[in-house]
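Visitor: Starting off with a structure, shown below.
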Amino acid sequence: MTTDSNSGTTRRGFLKAGLAAGGALAGATTAARAAGPDPAITEIQPWNQENGDPVDASPYGMPIEYEKHVKRRTVSWLTADPVSSINFTPLHDLDGIITPNGICFERHHSGAATVDPEKHRLMIHGLVEKPLVFTMEDLQRFPRENHVYFLECAANSGMEWRGAQLNGVQFTHGMIHNVMYTGVPLRLLLAEAGVKPNGKWVLAEGADAAGMSRSIPMEKALDDCLVAFKMNGEALRKEQGYPIRLVLPGWEGNMWVKWLRRLEVGDKPWMQREETSKYTDLMPDGRARMFTWVMDAKSVITSPSPQKPILHGKGPTVITGIAWSGRGTIPRVDVTIDGGKNWHKARIDGPSFDKSIHRFYFEFEWDGKPLLLQSRAIDSTGYVQPTKDELRAIRGVNSIYHNNGIQTWYVNENGEAENVEIS
Amino acid sequence: MSKFLETTLAATTAALVLAAPASAEKFNLGREAIPEEVAAWDIDVRPDGLGLPEGRGTVAEGEEIFAEKCAMCHGEFGEGVDRWPVLAGGQGSLKDERPVKTIGSYWPYLSTAWDYPHRAMPFGFARSLTADETYAIDAYLLYVNDLVDEDFELNRENFTSIHLPNENGFYMDDRDQVEVPKFTREPCMENCKESVEITARAAVLDVTPEETAARKAEEAAKAAAQDEEAKVEEGTAAGASETVAAEEAAPAPAAEAALDPELVKRGEKVFKKCKACHAVGEGAKNKTGPILTGVVGRPAASVEGFKYSRALRAKGEEGLVWDEAALIEFLKKPKAFVPKTKMSFAGLKKEKDREAIIAYLKSVGQ
C-alpha cells in the first residue's frame, strides 16, 4: 500500500485504502491459484494450535476485536452539546431485522439518565378513578407481551431535505432501531386506575433531567402501546430508558418516553415543547403540521452504500437493505440499479412483523459499470414510498421531520458508493 | 382550544367507545398515590393555565435571572450562542429560505415557555427555578420578543390573557388526506424514464464526520505493523504514536497531597452546576466553556482553541495563574473577580463547595 499517511487517515482515504486492500485480497487469491498454495490453509494458525480464552474471560460478551468498527457514530456539528444530542445505528454493518442492544442509536435531551430501579416509580393520575403508584415489581406482575417494533426518530434523514448531504447510510438513515420488546400493555395499567369518560389524552413523562414529555391520544394509548422493561430479552439499556420506556408502535421515536415515571390522564393535549416548538413540520406557506405521529413507509439500501463499497469487483453481487412502515407490514420492496428506469422486485427474507423492520435482498450479476441504486417500499396499505422531489413539492425543505423519500447511491466502476440525488 | 383539536377529540371519543374494554379486569396491583406525591410530580402546565402555580415576576427581574442562568447558552437577548436555541426574534421569517423559529416567531403557546424551563432548565441543573423566577424569565422572554413593555409583570392571573403571535400557525397532521391518496398507486416497473442525471452529490458538501483521531492513529499503526513494505513510509505515523505512548508511560508527577475522597465526591456533585458548559477528564472537549482538565495550576485563558472573553485573555497576559487561591476567589463571584468574563455563573456561595470543586478538579486533572 503506498497511499500517503495523510489520505490514509481521512475517511475517504480509509475507504480508498480499503478498496486497495480489497483489490489486493482478490489479487492474493488469484495469485494463490497461480503461484502456489494459500498460506492461510497450509500454515498452522495460532488459533489452530493454542487454546482460546477460558469461559469467563468476558462475563458479558463483546464482539470480537475484528468487529470494533461496528459502532454508533455521531455527527458533532449537528447539536450544541453531546448531552442533548444524537448518534446513529451502523446500518451498513448489520443484517437480518434485529438491532443489537449496544448499537441502537441514542437520542437524549439531557443525557442518558442512570435510574435506580429500586427507587423508580410509575404514577398514573389525573382523570382516573384512583391515582396509582407502581414499583418495578408491581409492573412485572401484569400479563406481558412480546413484540418486535421499529423505533425511528422523526428527524431521521432530516439533514437531507435540501439535497444529498451526509455520505453514509449510518448518517442518512441511522436514527432507527428494531428490537423485541417485552412489556405490559398500557391499556391494562390505565384500566387499573380507571380512566374517566372525559379522559381523552395521556401525558407521558420521563424521570430524566429533561423531564421528556409528550401528549398521547387515548385511542393510541388503549390500542397497542406497551410499557416495556426488556429489549431483545435483556433489561433495557440505560440509553434506551432503563428501567422502563413507553413503546408506541409505528409512531415517531420522540414519543417513546424513556425512564417513564408518570402518566397523567387529561381532557386536552398539554402542548409540551416537543409537540410545539419541535416535532412540528413547517410547511412552505409558513404554517406547520402538528401531531405528525405516524412514520410513513420507507426503505434504504444498506449495502452497498458509502460506508460499504463493493470490494469484490464484477460478478455475483448482493444488494441488501431494510424497509418499514408505521402503518403495517412491508409485503413488497422494489430495487433499481439504473436510477429508476427499470425496477425489480426484491426478495424479502426473515419474519414480517407489523410495524417492524423488514430485510430485503436483490442478487444480480454486476458488469462493473456505474450503478444508480434505489429501493422503494410498498406497505400493506398500498402506500408507495415517494421520491424526495415528490415530498419537497408538498412540504418544501424546512419541515425537518418525516423525510421518507427514496435514497439514491451512485456506485462507480471501483465499487465506491456516494450519496446523490438524481433527476 | 382551536378547531382541529376539537375534531381530534371527537374522533378519539368515538374510538374510545369502540375500544371500551378498559373496564375489563383489574389486578389490584400498585397502591393509591397520595396527594403529596401527585403534587410533587405533577408539574405540567397547559395553554389554558391548568397547572400554573401562584407567582409573579417582572421583565426587570427576569432580565437579571436570564443573564445569570440562561444567557451563557441563549445569549443575553435570547439570540442564541453557538448552536444553542435562539429564543427571540425571527418574526415573519417562517416562509423564508432559512426560518428562525423562536418563542416570538413560532411557538404557539406561552404555557410551553413556562412548563419547559421550569421542568428542564437550566441545562444540567433542572427543576431549580422557582415559580416566581419562571414567571420573571417568561416576562423577559416576552419583552425581548417585543410582545410586552419593559414594566410588564407576568403572574398567574394575567398569564392566559397573553397570546403568542403564531398561535394559529398550526394545523392537525393532514398527510392522510394530502399525501396518502397521492402515494397509494401502482408503481411503474419498466421504462419509467428516458434519461437519468445526477443532480446533487454529498461529496460536494463533504460534511460527513471523519473518524476520530484515535481510530486514525490505530489504523495507521495497524497498517504499519501489518505491511512490511509500508513500514518505512508509515514510519512517521507510527513514530508519532510511539512518542504519545512514551509520554503517557512517563511517571505522573507526585501528587502534592492526597485528596480527601469525601471532598472530591462532594465536588463531583457540585460540578453538576458547571457541566452544562464545562467538560473534564479523558476525551473532554471545549463546550460553551473551556475544558477544565488540569485547570488547577494552569495559566488563565490558556486552553487552545477556546474563544475567551477579552477580559480573561487580558488577565492571562497579565500572568494570572489558576492556583487554588485564584480559583476560590473567582468561583465566589466570577463577575467580581473578572468583570466582563463570558462565564455567566453567579458563583458558589459556600466555601466548602468551592473547596470541594477544586478538590474534584484536581482529582480529574491528575
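The chains in the C-alpha cells are called A, B, ... from first to last as shown; in each chain the residues are counted from 1, and the ligands are counted from 1 in the order shown.
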I need the residues in segment 125-256 of chain A that are helix (DSSP H, G or I) according to DSSP; give them as an MDAnalysis selection string.
Guide: chainID A and resid 136:139 158:160 169:173 186:193 218:221 238:240 253:255
Visitor: Got time to write the residues from that selection, N, CA and C atoms, as an mmCIF file, in the first residue's frame?
Guide:
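Output file result-v5.cif follows:
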```cif
data_model
loop_
_atom_site.group_PDB
_atom_site.id
_atom_site.type_symbol
_atom_site.label_atom_id
_atom_site.label_comp_id
_atom_site.auth_asym_id
_atom_site.auth_seq_id
_atom_site.Cartn_x
_atom_site.Cartn_y
_atom_site.Cartn_z
ATOM 1 N N MET A 136 -41.350 -1.306 40.231
ATOM 2 C CA MET A 136 -40.942 -2.201 39.143
ATOM 3 C C MET A 136 -41.490 -3.611 39.379
ATOM 4 N N GLU A 137 -41.521 -4.002 40.648
ATOM 5 C CA GLU A 137 -42.028 -5.334 40.986
ATOM 6 C C GLU A 137 -43.517 -5.444 40.629
ATOM 7 N N ASP A 138 -44.282 -4.398 40.972
ATOM 8 C CA ASP A 138 -45.713 -4.394 40.633
ATOM 9 C C ASP A 138 -45.909 -4.608 39.133
ATOM 10 N N LEU A 139 -45.105 -3.863 38.344
ATOM 11 C CA LEU A 139 -45.306 -3.897 36.885
ATOM 12 C C LEU A 139 -45.079 -5.294 36.323
ATOM 13 N N GLY A 158 -33.461 13.851 8.184
ATOM 14 C CA GLY A 158 -33.823 15.269 8.219
ATOM 15 C C GLY A 158 -32.745 16.201 7.687
ATOM 16 N N MET A 159 -31.502 15.720 7.632
ATOM 17 C CA MET A 159 -30.423 16.571 7.114
ATOM 18 C C MET A 159 -30.375 16.534 5.595
ATOM 19 N N GLU A 160 -31.249 15.725 4.987
ATOM 20 C CA GLU A 160 -31.168 15.505 3.536
ATOM 21 C C GLU A 160 -32.238 16.256 2.755
ATOM 22 N N VAL A 169 -24.953 5.611 5.004
ATOM 23 C CA VAL A 169 -26.320 5.244 5.394
ATOM 24 C C VAL A 169 -26.489 5.339 6.905
ATOM 25 N N GLN A 170 -25.381 5.174 7.631
ATOM 26 C CA GLN A 170 -25.444 5.332 9.089
ATOM 27 C C GLN A 170 -25.936 6.732 9.445
ATOM 28 N N PHE A 171 -25.488 7.728 8.681
ATOM 29 C CA PHE A 171 -25.834 9.116 8.991
ATOM 30 C C PHE A 171 -27.129 9.567 8.328
ATOM 31 N N THR A 172 -27.419 9.032 7.141
ATOM 32 C CA THR A 172 -28.656 9.453 6.469
ATOM 33 C C THR A 172 -29.878 8.733 7.031
ATOM 34 N N HIS A 173 -29.700 7.486 7.510
ATOM 35 C CA HIS A 173 -30.850 6.681 7.933
ATOM 36 C C HIS A 173 -30.693 5.994 9.289
ATOM 37 N N LEU A 186 -50.185 -0.920 27.832
ATOM 38 C CA LEU A 186 -50.522 0.304 28.565
ATOM 39 C C LEU A 186 -51.992 0.303 28.980
ATOM 40 N N ARG A 187 -52.857 -0.297 28.147
ATOM 41 C CA ARG A 187 -54.296 -0.271 28.463
ATOM 42 C C ARG A 187 -54.597 -0.995 29.774
ATOM 43 N N LEU A 188 -53.786 -2.018 30.107
ATOM 44 C CA LEU A 188 -54.013 -2.722 31.372
ATOM 45 C C LEU A 188 -53.714 -1.811 32.562
ATOM 46 N N LEU A 189 -52.654 -1.026 32.437
ATOM 47 C CA LEU A 189 -52.285 -0.123 33.532
ATOM 48 C C LEU A 189 -53.332 0.982 33.675
ATOM 49 N N LEU A 190 -53.796 1.494 32.523
ATOM 50 C CA LEU A 190 -54.814 2.549 32.568
ATOM 51 C C LEU A 190 -56.125 2.015 33.152
ATOM 52 N N ALA A 191 -56.450 0.780 32.782
ATOM 53 C CA ALA A 191 -57.684 0.180 33.294
ATOM 54 C C ALA A 191 -57.599 0.011 34.804
ATOM 55 N N GLU A 192 -56.410 -0.280 35.276
ATOM 56 C CA GLU A 192 -56.213 -0.466 36.709
ATOM 57 C C GLU A 192 -56.561 0.817 37.490
ATOM 58 N N ALA A 193 -56.202 1.963 36.862
ATOM 59 C CA ALA A 193 -56.516 3.239 37.508
ATOM 60 C C ALA A 193 -57.947 3.679 37.197
ATOM 61 N N MET A 218 -55.840 9.129 23.646
ATOM 62 C CA MET A 218 -56.288 7.944 24.368
ATOM 63 C C MET A 218 -56.493 6.755 23.426
ATOM 64 N N GLU A 219 -56.917 7.038 22.205
ATOM 65 C CA GLU A 219 -57.147 5.953 21.241
ATOM 66 C C GLU A 219 -55.891 5.095 21.073
ATOM 67 N N LYS A 220 -54.748 5.769 20.925
ATOM 68 C CA LYS A 220 -53.483 5.036 20.767
ATOM 69 C C LYS A 220 -53.095 4.357 22.086
ATOM 70 N N ALA A 221 -53.270 5.076 23.185
ATOM 71 C CA ALA A 221 -52.881 4.533 24.489
ATOM 72 C C ALA A 221 -53.609 3.223 24.779
ATOM 73 N N LYS A 238 -29.563 1.605 29.483
ATOM 74 C CA LYS A 238 -29.904 2.906 30.063
ATOM 75 C C LYS A 238 -30.105 3.952 28.975
ATOM 76 N N GLU A 239 -29.377 3.811 27.874
ATOM 77 C CA GLU A 239 -29.564 4.749 26.759
ATOM 78 C C GLU A 239 -30.964 4.638 26.178
ATOM 79 N N GLN A 240 -31.640 3.520 26.450
ATOM 80 C CA GLN A 240 -32.972 3.299 25.894
ATOM 81 C C GLN A 240 -34.051 3.393 26.972
ATOM 82 N N GLY A 253 -40.259 8.316 17.214
ATOM 83 C CA GLY A 253 -39.477 7.883 18.370
ATOM 84 C C GLY A 253 -39.534 8.823 19.559
ATOM 85 N N ASN A 254 -39.665 10.113 19.300
ATOM 86 C CA ASN A 254 -39.681 11.087 20.393
ATOM 87 C C ASN A 254 -40.776 10.815 21.424
ATOM 88 N N MET A 255 -41.857 10.142 20.970
ATOM 89 C CA MET A 255 -42.981 9.901 21.883
ATOM 90 C C MET A 255 -42.768 8.677 22.778
#
```
Visitor: List every residue of segment 55-97 of chain A that has an atom at most 10 Å from any atom of segment 260-277 of chain B, and for each one report the closest atom pair and its distance in Å to one decimal, counting only C-alpha atoms, with rows sorted by chain and then by increasing residue number, as JSON lines.
Guide:
```
{"residue": "A:Asp81", "atom": "CA", "partner": "B:Ala276", "partner_atom": "CA", "distance": 8.3}
{"residue": "A:Val83", "atom": "CA", "partner": "B:Ala276", "partner_atom": "CA", "distance": 8.4}
{"residue": "A:Ser84", "atom": "CA", "partner": "B:Ala276", "partner_atom": "CA", "distance": 10.0}
```
Visitor: Glu390 of chain A: which residues within 10 Å, counting only C-alpha atoms, same-chain residues fewer than 2 positions away excluded, as a ChimeraX atom specification?
Guide: /A:385-388,392-396,405-406 /B:179,182-183
Visitor: Specify as an MDAnalysis selection string all residues of chain B found within 6 Å of chain A, counting only C-alpha atoms.
Guide: chainID B and resid 12 15:16 22:23 26 30:33 46 83:84 94:95 107 112 120 126 169:173 183:184 189:193 196:202 208:210 216
Visitor: Mind the document's chain letters and residue numbers, and return as a VMD selection string the residues of segment 163-247 of chain A that DSSP labels strand (DSSP E or B).
Guide: chain A and resid 176 to 185 195 201 to 206 213 to 217 226 to 231 234 to 235 245 to 247
Visitor: Take the residues just selected and output them with C-alpha atoms as a PDB file, in the first residue's frame.
Guide:
```pdb
ATOM      1  CA  ILE A 176     -33.700   3.790  13.679  1.00  0.00           C
ATOM      2  CA  HIS A 177     -33.503   0.505  15.511  1.00  0.00           C
ATOM      3  CA  ASN A 178     -35.625  -2.617  15.649  1.00  0.00           C
ATOM      4  CA  VAL A 179     -35.796  -4.788  18.758  1.00  0.00           C
ATOM      5  CA  MET A 180     -38.124  -7.198  20.506  1.00  0.00           C
ATOM      6  CA  TYR A 181     -39.800  -5.574  23.471  1.00  0.00           C
ATOM      7  CA  THR A 182     -41.225  -7.312  26.495  1.00  0.00           C
ATOM      8  CA  GLY A 183     -43.715  -5.214  28.370  1.00  0.00           C
ATOM      9  CA  VAL A 184     -47.143  -4.642  29.827  1.00  0.00           C
ATOM     10  CA  PRO A 185     -49.913  -3.312  27.572  1.00  0.00           C
ATOM     11  CA  VAL A 195     -59.933   6.238  33.021  1.00  0.00           C
ATOM     12  CA  TRP A 201     -55.282  12.295  26.356  1.00  0.00           C
ATOM     13  CA  VAL A 202     -52.354  10.861  28.296  1.00  0.00           C
ATOM     14  CA  LEU A 203     -49.261  12.868  29.163  1.00  0.00           C
ATOM     15  CA  ALA A 204     -46.209  10.609  29.376  1.00  0.00           C
ATOM     16  CA  GLU A 205     -43.208  11.961  31.249  1.00  0.00           C
ATOM     17  CA  GLY A 206     -39.662  10.696  31.813  1.00  0.00           C
ATOM     18  CA  SER A 213     -42.986  14.722  27.989  1.00  0.00           C
ATOM     19  CA  ARG A 214     -45.481  14.126  25.187  1.00  0.00           C
ATOM     20  CA  SER A 215     -49.280  14.075  24.866  1.00  0.00           C
ATOM     21  CA  ILE A 216     -50.695  10.818  23.514  1.00  0.00           C
ATOM     22  CA  PRO A 217     -54.305  10.468  22.323  1.00  0.00           C
ATOM     23  CA  LEU A 226     -46.553  -1.074  25.833  1.00  0.00           C
ATOM     24  CA  VAL A 227     -44.702  -0.139  28.971  1.00  0.00           C
ATOM     25  CA  ALA A 228     -41.568  -2.131  28.185  1.00  0.00           C
ATOM     26  CA  PHE A 229     -38.820  -3.272  30.527  1.00  0.00           C
ATOM     27  CA  LYS A 230     -36.915  -5.665  28.259  1.00  0.00           C
ATOM     28  CA  MET A 231     -35.358  -5.331  24.818  1.00  0.00           C
ATOM     29  CA  GLU A 234     -32.494  -8.396  28.496  1.00  0.00           C
ATOM     30  CA  ALA A 235     -33.194  -5.295  30.566  1.00  0.00           C
ATOM     31  CA  ARG A 245     -39.884   3.059  28.443  1.00  0.00           C
ATOM     32  CA  LEU A 246     -43.053   3.654  26.535  1.00  0.00           C
ATOM     33  CA  VAL A 247     -43.476   1.825  23.208  1.00  0.00           C
TER      34      VAL A 247
END
```
Visitor: Suppose you want the space between atom CA of Ala314 of chain B and atom CA of Val81 of chain B; what is it in Å?
Guide: 22.3 Å
Visitor: Mind giving me the straight-line distance from atom CA of Gly294 of chain B to atom CA of Val321 of chain B in Å, one decimal?
Guide: 12.0 Å
Visitor: List the neighbours of Ala297 of chain A out to 7 Å using only C-alpha atoms; skip same-chain residues closer than 4 positions along the sequence, and give me the result as a list in words.
Guide: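 Here the answer would be Trp324, Ser325, Gly326, Ala377, Asp379, Gln385 and Asn404 of chain A.
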